[in-house]
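For reference, input.tsv (TSV, C-alpha atoms and all ligand atoms):
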chain	number	residue	atom	x	y	z
Y	100	MET	CA	-27.00	-11.20	-31.58
Y	101	ASN	CA	-29.03	-13.65	-33.68
Y	102	ALA	CA	-27.98	-11.95	-36.89
Y	103	ASP	CA	-24.32	-12.33	-35.88
Y	104	ARG	CA	-24.75	-16.00	-35.08
Y	105	ASN	CA	-26.47	-16.65	-38.38
Y	106	GLN	CA	-23.69	-14.99	-40.33
Y	107	ASN	CA	-20.73	-16.92	-39.00
Y	108	GLY	CA	-22.01	-19.42	-36.46
Y	109	PHE	CA	-20.43	-17.49	-33.59
Y	110	ASP	CA	-22.58	-16.87	-30.53
Y	111	VAL	CA	-20.88	-14.44	-28.17
Y	112	ALA	CA	-23.53	-14.98	-25.47
Y	113	ARG	CA	-22.41	-18.59	-25.16
Y	114	LEU	CA	-18.96	-17.43	-24.09
Y	115	MET	CA	-20.26	-14.93	-21.57
Y	116	ARG	CA	-20.38	-15.81	-17.88
Y	117	ARG	CA	-23.65	-17.66	-17.40
Y	118	ASP	CA	-24.59	-15.63	-14.32
Y	119	LEU	CA	-24.30	-12.36	-16.26
Y	120	ARG	CA	-26.35	-13.30	-19.31
Y	121	ASP	CA	-29.57	-11.86	-17.92
Y	122	MET	CA	-27.87	-8.86	-16.30
Y	123	GLU	CA	-28.85	-5.46	-17.56
Y	124	ASN	CA	-26.33	-2.88	-18.62
Y	125	TYR	CA	-26.02	-0.05	-16.07
Y	126	ALA	CA	-26.61	2.42	-18.89
Y	127	VAL	CA	-27.00	6.10	-18.11
Y	128	PRO	CA	-28.49	8.21	-20.91
Y	129	PHE	CA	-26.28	11.03	-22.18
Y	130	ARG	CA	-28.39	14.13	-21.73
Y	131	ARG	CA	-27.71	17.82	-21.94
Y	132	GLY	CA	-30.04	20.73	-21.39
Y	133	PRO	CA	-30.73	23.68	-19.15
Y	134	TYR	CA	-32.60	21.54	-16.59
Y	135	LYS	CA	-30.34	18.56	-16.04
Y	136	LEU	CA	-31.21	17.47	-12.52
Y	137	ASP	CA	-30.79	13.72	-12.93
Y	138	SER	CA	-27.26	12.86	-11.75
Y	139	ASN	CA	-26.61	15.03	-8.69
Y	140	GLU	CA	-23.93	16.96	-10.53
Y	141	SER	CA	-23.01	20.50	-9.60
Y	142	PRO	CA	-24.92	23.14	-11.56
Y	143	PHE	CA	-21.77	25.29	-11.56
Y	144	GLY	CA	-18.85	25.18	-13.99
Y	145	LEU	CA	-15.16	25.52	-13.17
Y	146	PRO	CA	-14.35	28.33	-10.74
Y	147	ASP	CA	-12.54	31.17	-12.54
Y	148	ALA	CA	-9.26	30.52	-10.74
Y	149	LEU	CA	-9.30	26.89	-11.86
Y	150	ARG	CA	-10.19	27.78	-15.43
Y	151	ARG	CA	-7.29	30.25	-15.54
Y	152	ARG	CA	-4.87	27.64	-14.21
Y	153	LEU	CA	-5.98	25.14	-16.83
Y	154	ILE	CA	-5.51	27.65	-19.63
Y	155	ALA	CA	-2.11	28.68	-18.27
Y	156	TRP	CA	-1.07	25.02	-18.03
Y	157	LEU	CA	-2.08	24.39	-21.63
Y	158	GLU	CA	-0.24	27.49	-22.80
Y	159	ASP	CA	2.94	26.61	-20.97
Y	160	GLU	CA	4.87	24.38	-23.37
Y	161	LYS	CA	6.86	22.78	-20.59
Y	162	ASN	CA	3.69	21.36	-19.17
Y	163	GLU	CA	2.34	19.81	-22.30
Y	164	ASP	CA	3.19	16.28	-21.34
Y	165	LEU	CA	0.01	14.63	-22.51
Y	166	HIS	CA	2.10	12.42	-24.79
Y	167	LEU	CA	3.42	10.72	-21.65
Y	168	TYR	CA	1.56	8.40	-19.32
Y	169	PRO	CA	0.28	10.07	-16.17
Y	170	ASP	CA	1.84	9.64	-12.74
Y	171	GLY	CA	0.40	6.25	-11.83
Y	172	ALA	CA	0.93	6.90	-8.12
Y	173	ASN	CA	-1.07	10.16	-8.26
Y	174	THR	CA	1.66	11.64	-6.07
Y	175	ARG	CA	0.59	15.30	-6.09
Y	176	LEU	CA	-3.09	14.62	-5.73
Y	177	ARG	CA	-2.65	12.06	-2.97
Y	178	GLY	CA	-0.31	14.47	-1.21
Y	179	ALA	CA	-2.87	17.27	-1.43
Y	180	LEU	CA	-5.66	14.99	-0.18
Y	181	ALA	CA	-3.49	13.70	2.66
Y	182	GLU	CA	-2.76	17.26	3.74
Y	183	LEU	CA	-6.41	18.24	3.44
Y	184	TRP	CA	-7.54	15.41	5.72
Y	185	GLY	CA	-4.55	15.25	8.06
Y	186	VAL	CA	-3.57	11.73	7.05
Y	187	ALA	CA	-0.54	10.22	5.27
Y	188	PRO	CA	-0.40	9.71	1.49
Y	189	GLU	CA	-0.29	5.96	2.24
Y	190	ASN	CA	-3.84	6.34	3.57
Y	191	VAL	CA	-5.15	7.51	0.20
Y	192	THR	CA	-5.72	5.98	-3.22
Y	193	CYS	CA	-7.46	7.45	-6.25
Y	194	GLY	CA	-9.80	5.96	-8.83
Y	195	VAL	CA	-11.54	6.88	-12.06
Y	196	GLY	CA	-14.53	8.03	-10.09
Y	197	SER	CA	-15.41	6.28	-6.86
Y	198	ASP	CA	-17.13	3.77	-9.16
Y	199	GLN	CA	-13.72	2.30	-9.93
Y	200	LEU	CA	-12.91	2.05	-6.23
Y	201	ILE	CA	-16.22	0.32	-5.47
Y	202	ASP	CA	-15.39	-2.22	-8.15
Y	203	GLY	CA	-11.81	-2.51	-6.85
Y	204	ILE	CA	-13.03	-3.28	-3.34
Y	205	CYS	CA	-15.27	-6.06	-4.68
Y	206	ARG	CA	-12.50	-7.40	-6.89
Y	207	VAL	CA	-9.91	-7.54	-4.16
Y	208	PHE	CA	-12.01	-8.83	-1.29
Y	209	LEU	CA	-14.72	-11.10	-2.71
Y	210	GLU	CA	-14.30	-14.81	-3.32
Y	211	PRO	CA	-17.09	-16.40	-5.37
Y	212	GLY	CA	-20.25	-16.54	-3.27
Y	213	ASP	CA	-19.07	-14.09	-0.60
Y	214	GLY	CA	-21.70	-11.75	0.74
Y	215	VAL	CA	-22.08	-7.99	0.40
Y	216	VAL	CA	-24.54	-6.10	2.58
Y	217	VAL	CA	-26.13	-2.95	1.20
Y	218	LEU	CA	-28.91	-0.66	2.37
Y	219	LYS	CA	-32.27	-0.77	0.63
Y	220	PRO	CA	-32.61	1.45	-1.29
Y	221	THR	CA	-29.11	2.69	-2.05
Y	222	PHE	CA	-26.67	3.49	-4.85
Y	223	GLY	CA	-26.99	0.78	-7.50
Y	224	MET	CA	-23.31	0.32	-8.32
Y	225	TYR	CA	-22.57	-1.59	-5.11
Y	226	ALA	CA	-24.83	-4.43	-6.24
Y	227	VAL	CA	-23.57	-4.25	-9.83
Y	228	SER	CA	-19.92	-4.42	-8.77
Y	229	ALA	CA	-20.63	-7.17	-6.25
Y	230	ARG	CA	-22.39	-9.25	-8.87
Y	231	LEU	CA	-19.67	-8.68	-11.48
Y	232	ASN	CA	-17.19	-9.92	-8.91
Y	233	HIS	CA	-19.12	-13.07	-7.99
Y	234	GLY	CA	-20.56	-11.65	-4.78
Y	235	LYS	CA	-24.00	-12.23	-3.33
Y	236	VAL	CA	-25.91	-9.10	-2.39
Y	237	ARG	CA	-28.04	-8.90	0.72
Y	238	GLU	CA	-30.25	-5.80	0.94
Y	239	VAL	CA	-31.20	-4.46	4.36
Y	240	PRO	CA	-33.96	-1.88	4.76
Y	241	LEU	CA	-32.87	0.93	7.05
Y	242	ARG	CA	-35.61	2.05	9.39
Y	243	ASP	CA	-35.01	5.14	11.52
Y	244	GLY	CA	-31.28	4.62	11.56
Y	245	ASP	CA	-31.65	1.20	13.23
Y	246	VAL	CA	-28.35	-0.40	12.28
Y	247	ALA	CA	-28.95	-3.63	14.24
Y	248	GLU	CA	-30.33	-5.29	11.12
Y	249	ILE	CA	-27.16	-4.38	9.19
Y	250	VAL	CA	-25.00	-5.87	11.93
Y	251	ARG	CA	-27.14	-9.01	11.99
Y	252	ALA	CA	-26.85	-9.43	8.21
Y	253	ALA	CA	-23.09	-8.82	8.36
Y	254	SER	CA	-22.57	-11.37	11.13
Y	255	ASP	CA	-22.78	-14.14	8.50
Y	256	PRO	CA	-19.12	-15.20	8.20
Y	257	ARG	CA	-19.39	-15.18	4.39
Y	258	VAL	CA	-20.10	-11.45	4.36
Y	259	LYS	CA	-16.94	-9.59	3.43
Y	260	VAL	CA	-18.14	-6.04	2.80
Y	261	VAL	CA	-20.88	-3.72	4.06
Y	262	PHE	CA	-21.57	-0.64	1.96
Y	263	LEU	CA	-22.96	2.28	3.96
Y	264	CYS	CA	-23.84	5.34	1.96
Y	265	SER	CA	-24.07	8.51	4.03
Y	266	PRO	CA	-25.88	10.64	3.03
Y	267	ASN	CA	-27.63	7.83	1.27
Y	268	ASN	CA	-28.42	8.01	-2.43
Y	269	PRO	CA	-31.35	8.22	-3.23
Y	270	THR	CA	-33.00	8.88	0.14
Y	271	GLY	CA	-30.71	11.76	1.19
Y	272	GLN	CA	-30.44	10.87	4.85
Y	273	SER	CA	-27.16	10.52	6.75
Y	274	LEU	CA	-26.23	7.94	9.30
Y	275	THR	CA	-24.89	9.43	12.51
Y	276	GLU	CA	-21.28	8.88	13.50
Y	277	GLY	CA	-22.56	6.76	16.40
Y	278	GLU	CA	-24.54	4.53	14.06
Y	279	ILE	CA	-21.60	4.05	11.71
Y	280	CYS	CA	-19.26	3.35	14.63
Y	281	SER	CA	-21.58	0.75	16.05
Y	282	VAL	CA	-21.54	-1.10	12.70
Y	283	LEU	CA	-17.75	-0.78	12.54
Y	284	SER	CA	-17.31	-2.15	16.05
Y	285	ASP	CA	-19.85	-4.95	15.81
Y	286	VAL	CA	-18.88	-6.57	12.52
Y	287	ARG	CA	-15.79	-8.50	11.47
Y	288	CYS	CA	-15.84	-7.49	7.81
Y	289	LEU	CA	-14.92	-4.39	5.83
Y	290	VAL	CA	-17.23	-1.41	6.09
Y	291	VAL	CA	-17.21	1.04	3.21
Y	292	VAL	CA	-18.55	4.46	4.13
Y	293	ASP	CA	-19.44	6.18	0.88
Y	294	GLU	CA	-19.37	9.92	1.46
Y	295	ALA	CA	-19.98	10.90	-2.17
Y	296	TYR	CA	-22.26	13.65	-0.82
Y	297	GLY	CA	-20.26	14.23	2.34
Y	298	GLU	CA	-19.36	17.85	1.58
Y	299	PHE	CA	-23.04	18.76	1.80
Y	300	ALA	CA	-23.52	17.02	5.12
Y	301	ARG	CA	-20.40	16.91	7.29
Y	302	PRO	CA	-18.83	15.67	9.45
Y	303	THR	CA	-16.72	13.02	7.78
Y	304	MET	CA	-15.63	9.66	9.13
Y	305	ILE	CA	-12.11	10.13	7.72
Y	306	PRO	CA	-10.43	10.98	11.07
Y	307	ARG	CA	-11.75	7.70	12.47
Y	308	ILE	CA	-9.61	5.56	10.11
Y	309	ARG	CA	-7.12	5.46	12.99
Y	310	ASP	CA	-9.68	3.72	15.19
Y	311	TYR	CA	-11.17	1.39	12.59
Y	312	PRO	CA	-8.78	-0.54	10.35
Y	313	ASN	CA	-11.86	-2.18	8.76
Y	314	MET	CA	-13.25	1.10	7.38
Y	315	ILE	CA	-12.74	2.51	3.88
Y	316	VAL	CA	-14.14	6.01	3.30
Y	317	LEU	CA	-14.98	6.91	-0.29
Y	318	ARG	CA	-15.23	10.44	-1.63
Y	319	THR	CA	-15.54	11.98	-5.08
Y	320	PHE	CA	-14.87	15.17	-7.00
Y	321	SER	CA	-18.02	14.55	-9.08
Y	322	LYS	CA	-20.56	16.24	-6.80
Y	323	ALA	CA	-19.63	19.23	-4.61
Y	324	PHE	CA	-16.45	19.86	-6.62
Y	325	GLY	CA	-18.30	19.91	-9.92
Y	326	LEU	CA	-15.72	17.77	-11.71
Y	327	ALA	CA	-17.94	14.87	-12.80
Y	328	GLY	CA	-16.41	15.10	-16.28
Y	329	ALA	CA	-12.90	14.54	-14.89
Y	330	ARG	CA	-13.91	11.30	-13.09
Y	331	VAL	CA	-11.89	11.49	-9.88
Y	332	GLY	CA	-12.75	9.55	-6.75
Y	333	TYR	CA	-10.62	8.59	-3.78
Y	334	ALA	CA	-10.52	6.24	-0.85
Y	335	VAL	CA	-9.12	6.99	2.61
Y	336	ALA	CA	-8.35	4.12	4.97
Y	337	ALA	CA	-5.65	2.46	7.05
Y	338	ALA	CA	-2.49	1.95	4.97
Y	339	GLU	CA	-2.99	-1.84	4.94
Y	340	ALA	CA	-6.48	-1.51	3.44
Y	341	ILE	CA	-5.23	0.97	0.83
Y	342	ASP	CA	-2.36	-1.37	-0.02
Y	343	ALA	CA	-4.88	-4.19	-0.52
Y	344	LEU	CA	-7.13	-1.99	-2.64
Y	345	ASP	CA	-4.20	-0.96	-4.84
Y	346	ARG	CA	-3.85	-4.57	-6.05
Y	347	ALA	CA	-6.83	-3.80	-8.30
Y	348	LYS	CA	-5.57	-0.41	-9.48
Y	349	PRO	CA	-4.70	-0.24	-13.17
Y	350	PRO	CA	-1.23	1.33	-13.52
Y	351	PHE	CA	-2.28	4.60	-15.17
Y	352	ASN	CA	-5.91	4.85	-14.19
Y	353	LEU	CA	-6.27	8.55	-13.61
Y	354	PRO	CA	-5.56	10.84	-16.60
Y	355	THR	CA	-3.05	13.66	-16.15
Y	356	LEU	CA	-5.67	16.37	-16.64
Y	357	SER	CA	-7.99	14.77	-14.10
Y	358	GLN	CA	-5.21	14.61	-11.54
Y	359	LEU	CA	-4.35	18.26	-12.15
Y	360	LEU	CA	-7.93	19.50	-11.98
Y	361	ALA	CA	-8.59	17.67	-8.72
Y	362	THR	CA	-5.33	18.91	-7.18
Y	363	TRP	CA	-6.12	22.50	-8.12
Y	364	ALA	CA	-9.71	22.11	-6.93
Y	365	ILE	CA	-8.47	21.30	-3.43
Y	366	GLU	CA	-6.69	24.64	-3.42
Y	367	GLU	CA	-10.04	26.30	-4.19
Y	368	TRP	CA	-11.66	24.64	-1.16
Y	369	GLN	CA	-12.85	28.02	0.09
Y	370	GLU	CA	-14.76	28.74	-3.10
Y	371	TYR	CA	-16.31	25.27	-3.03
Y	372	SER	CA	-17.42	25.72	0.58
Y	373	VAL	CA	-19.33	28.82	-0.50
Y	374	ARG	CA	-20.95	26.85	-3.33
Y	375	VAL	CA	-21.91	24.02	-0.98
Y	376	ALA	CA	-23.48	26.44	1.51
Y	377	HIS	CA	-25.36	28.06	-1.36
Y	378	LEU	CA	-26.67	24.72	-2.67
Y	379	ASN	CA	-27.70	23.64	0.82
Y	380	GLU	CA	-29.77	26.83	1.06
Y	381	ARG	CA	-31.32	26.11	-2.35
Y	382	ARG	CA	-32.13	22.56	-1.17
Y	383	GLU	CA	-33.95	23.85	1.91
Y	384	GLU	CA	-35.83	26.38	-0.22
Y	385	LEU	CA	-36.85	23.67	-2.70
Y	386	TYR	CA	-37.85	21.37	0.17
Y	387	ARG	CA	-40.13	24.06	1.62
Y	388	GLU	CA	-41.77	24.65	-1.75
Y	389	LEU	CA	-42.31	20.95	-2.49
Y	390	GLU	CA	-43.63	20.36	1.00
Y	391	LYS	CA	-46.52	22.69	0.21
Y	392	ILE	CA	-47.77	20.43	-2.60
Y	393	PRO	CA	-50.42	18.25	-0.95
Y	394	TRP	CA	-50.19	15.25	-3.27
Y	395	LEU	CA	-46.43	14.96	-2.96
Y	396	GLU	CA	-44.35	13.53	-0.16
Y	397	VAL	CA	-40.84	14.94	0.11
Y	398	SER	CA	-38.11	13.64	2.41
Y	399	ARG	CA	-35.52	15.73	4.23
Y	400	SER	CA	-32.07	15.44	2.73
Y	401	ASP	CA	-28.48	16.12	3.75
Y	402	ALA	CA	-27.27	15.94	0.16
Y	403	ASN	CA	-27.69	17.89	-3.08
Y	404	PHE	CA	-30.89	16.13	-4.07
Y	405	LEU	CA	-34.40	15.50	-2.80
Y	406	LEU	CA	-36.46	12.34	-3.10
Y	407	VAL	CA	-40.17	12.77	-3.69
Y	408	ARG	CA	-42.89	10.14	-3.59
Y	409	SER	CA	-46.30	10.35	-5.14
Y	410	GLU	CA	-48.99	8.34	-6.87
Y	411	ARG	CA	-48.51	10.54	-9.86
Y	412	ASP	CA	-45.38	9.87	-11.92
Y	413	VAL	CA	-43.60	13.13	-11.07
Y	414	GLY	CA	-40.53	12.09	-13.07
Y	415	ALA	CA	-42.57	11.69	-16.26
Y	416	LEU	CA	-44.28	15.01	-15.65
Y	417	LEU	CA	-40.99	16.87	-15.14
Y	418	GLU	CA	-39.41	15.23	-18.16
Y	419	GLU	CA	-42.39	16.20	-20.33
Y	420	ASN	CA	-41.48	19.73	-19.33
Y	421	GLY	CA	-37.82	19.41	-20.25
Y	422	ILE	CA	-36.51	18.74	-16.74
Y	423	PHE	CA	-34.32	15.63	-16.49
Y	424	VAL	CA	-34.59	13.77	-13.19
Y	425	ARG	CA	-33.96	10.25	-11.93
Y	426	ARG	CA	-37.07	8.09	-11.88
Y	427	TYR	CA	-37.60	5.03	-9.72
Y	428	PRO	CA	-40.79	3.31	-10.80
Y	429	GLY	CA	-42.33	1.68	-7.72
Y	430	ALA	CA	-43.71	-1.80	-7.30
Y	431	ASP	CA	-46.89	-0.37	-5.79
Y	432	ARG	CA	-48.63	2.64	-7.25
Y	433	VAL	CA	-46.25	5.06	-5.60
Y	434	THR	CA	-43.35	6.26	-7.69
Y	435	CYS	CA	-40.18	7.87	-6.41
Y	436	THR	CA	-38.30	10.63	-8.17
Y	437	ARG	CA	-34.91	12.01	-7.24
Y	438	ILE	CA	-34.42	15.65	-8.12
Y	439	SER	CA	-30.93	17.16	-7.95
Y	440	VAL	CA	-30.74	20.59	-6.38
Y	441	GLY	CA	-29.85	23.15	-9.02
Y	442	THR	CA	-29.67	26.90	-9.27
Y	443	ALA	CA	-32.56	29.02	-7.99
Y	444	GLU	CA	-33.78	29.29	-11.56
Y	445	GLN	CA	-33.66	25.53	-12.19
Y	446	ASN	CA	-35.38	24.73	-8.91
Y	447	GLY	CA	-37.97	27.41	-9.63
Y	448	LYS	CA	-38.86	25.67	-12.87
Y	449	VAL	CA	-39.39	22.37	-10.98
Y	450	VAL	CA	-41.70	24.10	-8.51
Y	451	GLU	CA	-43.57	25.89	-11.28
Y	452	VAL	CA	-44.27	22.62	-13.14
Y	453	LEU	CA	-45.31	20.72	-10.03
Y	454	CYS	CA	-47.43	23.50	-8.56
Y	455	GLY	CA	-49.35	23.79	-11.81
Y	456	ALA	CA	-50.08	20.06	-11.94
Y	457	GLU	CA	-53.03	18.05	-10.74
Y	458	PRO	CA	-52.50	15.10	-8.37
Y	459	ARG	CA	-53.20	12.61	-11.21
B	501	LIG	N1	-21.36	6.84	-4.64
B	501	LIG	C1	-22.56	7.39	-4.70
B	501	LIG	C2	-23.42	7.33	-3.49
B	501	LIG	C3	-23.02	8.03	-5.85
B	501	LIG	O1	-24.23	8.56	-5.87
B	501	LIG	C4	-22.17	8.09	-6.97
B	501	LIG	C5	-22.57	8.75	-8.26
B	501	LIG	N2	-23.85	8.86	-8.55
B	501	LIG	C6	-20.93	7.49	-6.88
B	501	LIG	C7	-20.54	6.88	-5.71
B	501	LIG	C8	-19.99	7.44	-8.03
B	501	LIG	O2	-19.41	8.66	-8.21
B	501	LIG	P1	-18.16	8.86	-9.13
B	501	LIG	O3	-17.84	7.54	-9.79
B	501	LIG	O4	-18.55	9.91	-10.09
B	501	LIG	O5	-17.07	9.29	-8.21
Translate the structure described by the file into structure tokens.
Ligand code: PMP
Amino acid sequence: MNADRNQNGFDVARLMRRDLRDMENYAVPFRRGPYKLDSNESPFGLPDALRRRLIAWLEDEKNEDLHLYPDGANTRLRGALAELWGVAPENVTCGVGSDQLIDGICRVFLEPGDGVVVLKPTFGMYAVSARLNHGKVREVPLRDGDVAEIVRAASDPRVKVVFLCSPNNPTGQSLTEGEICSVLSDVRCLVVVDEAYGEFARPTMIPRIRDYPNMIVLRTFSKAFGLAGARVGYAVAAAEAIDALDRAKPPFNLPTLSQLLATWAIEEWQEYSVRVAHLNERREELYRELEKIPWLEVSRSDANFLLVRSERDVGALLEENGIFVRRYPGADRVTCTRISVGTAEQNGKVVEVLCGAEPR
């Protein structure tokens, strides 16, 4: 930055929004390796049927329309999602990952200084998007599913959006339908229910969009569907909320191939259900193994990851052994580490490293 300024007298930081100058980039390292358990991705590649369809599509000359812009209305994909969930296509919109929808919600609904209520801890992009869109974030610790504190925080008339993440990233616990409904009924703002890990937990709040016009449910193809590289997320809500959200939708946001892969993936729902059941079994297995380690505290999870706490920096230890995980350095001496559930072999390696380690 300084070097640039010295060369031509131009200081880009001076032009930047003042409130963002000290903001850190939400940078995620690009990592590849046999033990990549840091982003809650699926450990499985494309199902065979999907791979075959992709190859057939590429080989069919009629279908090679990548020189044209994609269908900006995502007609086929929205139709398939609407059918899957028993709603109308007007109840669905798609984004480049649910990240884009989280940002869209903040962009459309927040005036400068409006409040956003999030759980503490939770997925970091809610706060990032709120801040980028001039919102003020209020974090509410969630103790034993007591949602009264959330309702209290959201009763401030300047609060426009509450983000509930269920199961919550990184803690892994779900809110019950009753808890979510009591927030929905007791607040006058929008409530986003992020079900990014919903396939692992069930049930979904989607059918309740008819009862709660203030609810937006977010889902993604990045986790259970193993399509993180295609970047497809979607929102389901009352048609009016979707219409509002679409004001922020870039015209051709979702690439043709991403739309196709997600549409085909829905048709392989059966195969994905088997994978989800398998990963849930692996999660329970891993939980039981980690629970045996006396210097480690592991929380129950409804998602495809486990959060462990310990005085020892478990994340550093795993990474020294070639296992990528998500580390959350703590303010006190306790550190938290989120470990995605992988294959039996990947999980076995985690257990092997941790079982062989000393408490400090
Ligand atoms: N919500 C939650 C809770 C997440 O953990 C993630 C990804 N880590 C996302 C949304 C974003 O997912 P994507 O943009 O890949 O759909």
With a cut-off of 7 Å, could you pull out the residues of chain Y touching ligand LIG 501 (chain B) and give me the nearest pair of atoms for each, distance in Å to one decimal, using all atoms listed in the file, ordered by chain and ascending number, as CSV?
residue,atom,partner,partner_atom,distance
Y:Ser138,CA,B:LIG501,N2,6.2
Y:Asn139,CA,B:LIG501,N2,6.8
Y:Val195,CA,B:LIG501,O3,6.7
Y:Gly196,CA,B:LIG501,O3,3.4
Y:Ser197,CA,B:LIG501,O5,3.7
Y:Asp198,CA,B:LIG501,O3,3.9
Y:Gln199,CA,B:LIG501,O3,6.7
Y:Phe222,CA,B:LIG501,C2,5.2
Y:Cys264,CA,B:LIG501,C2,5.8
Y:Asn267,CA,B:LIG501,C2,6.4
Y:Asn268,CA,B:LIG501,C2,5.2
Y:Asp293,CA,B:LIG501,N1,5.9
Y:Glu294,CA,B:LIG501,C2,6.9
Y:Ala295,CA,B:LIG501,N1,4.9
Y:Tyr296,CA,B:LIG501,C2,7.0
Y:Arg318,CA,B:LIG501,O5,6.9
Y:Thr319,CA,B:LIG501,O5,4.4
Y:Phe320,CA,B:LIG501,O5,6.4
Y:Ser321,CA,B:LIG501,O4,4.8
Y:Ala327,CA,B:LIG501,O4,5.7
Y:Arg330,CA,B:LIG501,O4,5.7
Y:Val331,CA,B:LIG501,O5,5.9
Y:Gly332,CA,B:LIG501,O5,4.6
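One finds atom CA of Y:Ala334 at 10.7 Å from atom CA of Y:Gly203.
Every protein, DNA or RNA residue with an atom at most 10 Å from Y:Gly144, where all atoms listed in the file count and chain neighbours fewer than 3 positions away do not, is listed here: Ser141, Asp147, Leu149, Arg150, Phe324, Gly325 and Leu326 of chain Y.
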(Q) Would you pick out the contacts of stretch 445-452 of chain Y at 10 Å or less, using all atoms listed in the file, so that residues sharing its chain but fewer than 3 positions from it are not included, and give the list as number ranges by chain? (A) Y: 133-136, 142, 381-382, 384-386, 388-389, 392, 413, 416-417, 419-422, 438-442, 455-456
Q. For the atom pair atom CA of Y:Arg131 and atom CA of Y:Leu356, what is the interatomic distance in Å to one decimal place?
A.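 It comes out at 22.7 Å.
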Q.
Taking all atoms listed in the file into account, name the residue in Y:Val239, Y:Val215, Y:Tyr333, Y:Ala112 that is nearest to Y:Asp345.
A. Y:Tyr333
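One distance worth recording is that between atom CA of Y:Pro302 and atom CA of Y:Arg177, which is 20.7 Å.
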Q | Given all atoms listed in the file as the counted atoms, nearest of Y:Cys193, Y:Cys454, Y:Val127, Y:Leu395 to Y:Ala361 | A |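 Of the candidates, the smallest distance to Y:Ala361 is held by Y:Cys193.
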Q: Rank nothing, just name the residue among Y:Pro211, Y:Gly429, Y:Pro269, Y:Pro240 nearest to Y:Gly223, using all atoms listed in the file.
A: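 Under the stated criterion, the closest residue is Y:Pro269.
Considering the residues Y:Gly214, Y:Gly194, Y:Pro458, Y:Gly277 and counting only C-alpha atoms, Y:Leu344 has its shortest atom-to-atom contact with Y:Gly194.
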Q.
When you count all atoms listed in the file, which of these residues is closest to Y:Val397: Y:Thr270, Y:Arg411, Y:Val186, Y:Leu359?
A. Y:Thr270
Q) Closest to Y:Pro393 among Y:Asp342, Y:Glu410, Y:Glu380, Y:Asp285, using only C-alpha atoms? A) Y:Glu410
Q: For Y:Glu238, list every protein, DNA or RNA residue within 7 Å, evaluated using all atoms listed in the file, and leave out those in the same chain fewer than 4 positions away; present the list as a PyMOL selection string.
A: chain Y and resi 216-219
Q | Spatial neighbours of Y:Leu289, max dist 12 Å, all atoms listed in the file, sep filter under 6 positions, as a count of residues only | A | 32
Q: Considering only C-alpha atoms, return as a VMD selection string whatever protein or nucleic-acid residues lie within 9 Å of Y:Met224, sequence-local ones (same chain, fewer than 4 positions apart) excluded.
A: chain Y and resid 125 198 201 to 202 228 to 229
(Q) (-22.2, 12.3, 10.3) in this file's frame - what residues fall within 6 Å of it? Use only C-alpha atoms and give the answer as a list in words. (A)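 The distance filter leaves exactly Thr275, Glu276, Arg301 and Pro302 of chain Y.
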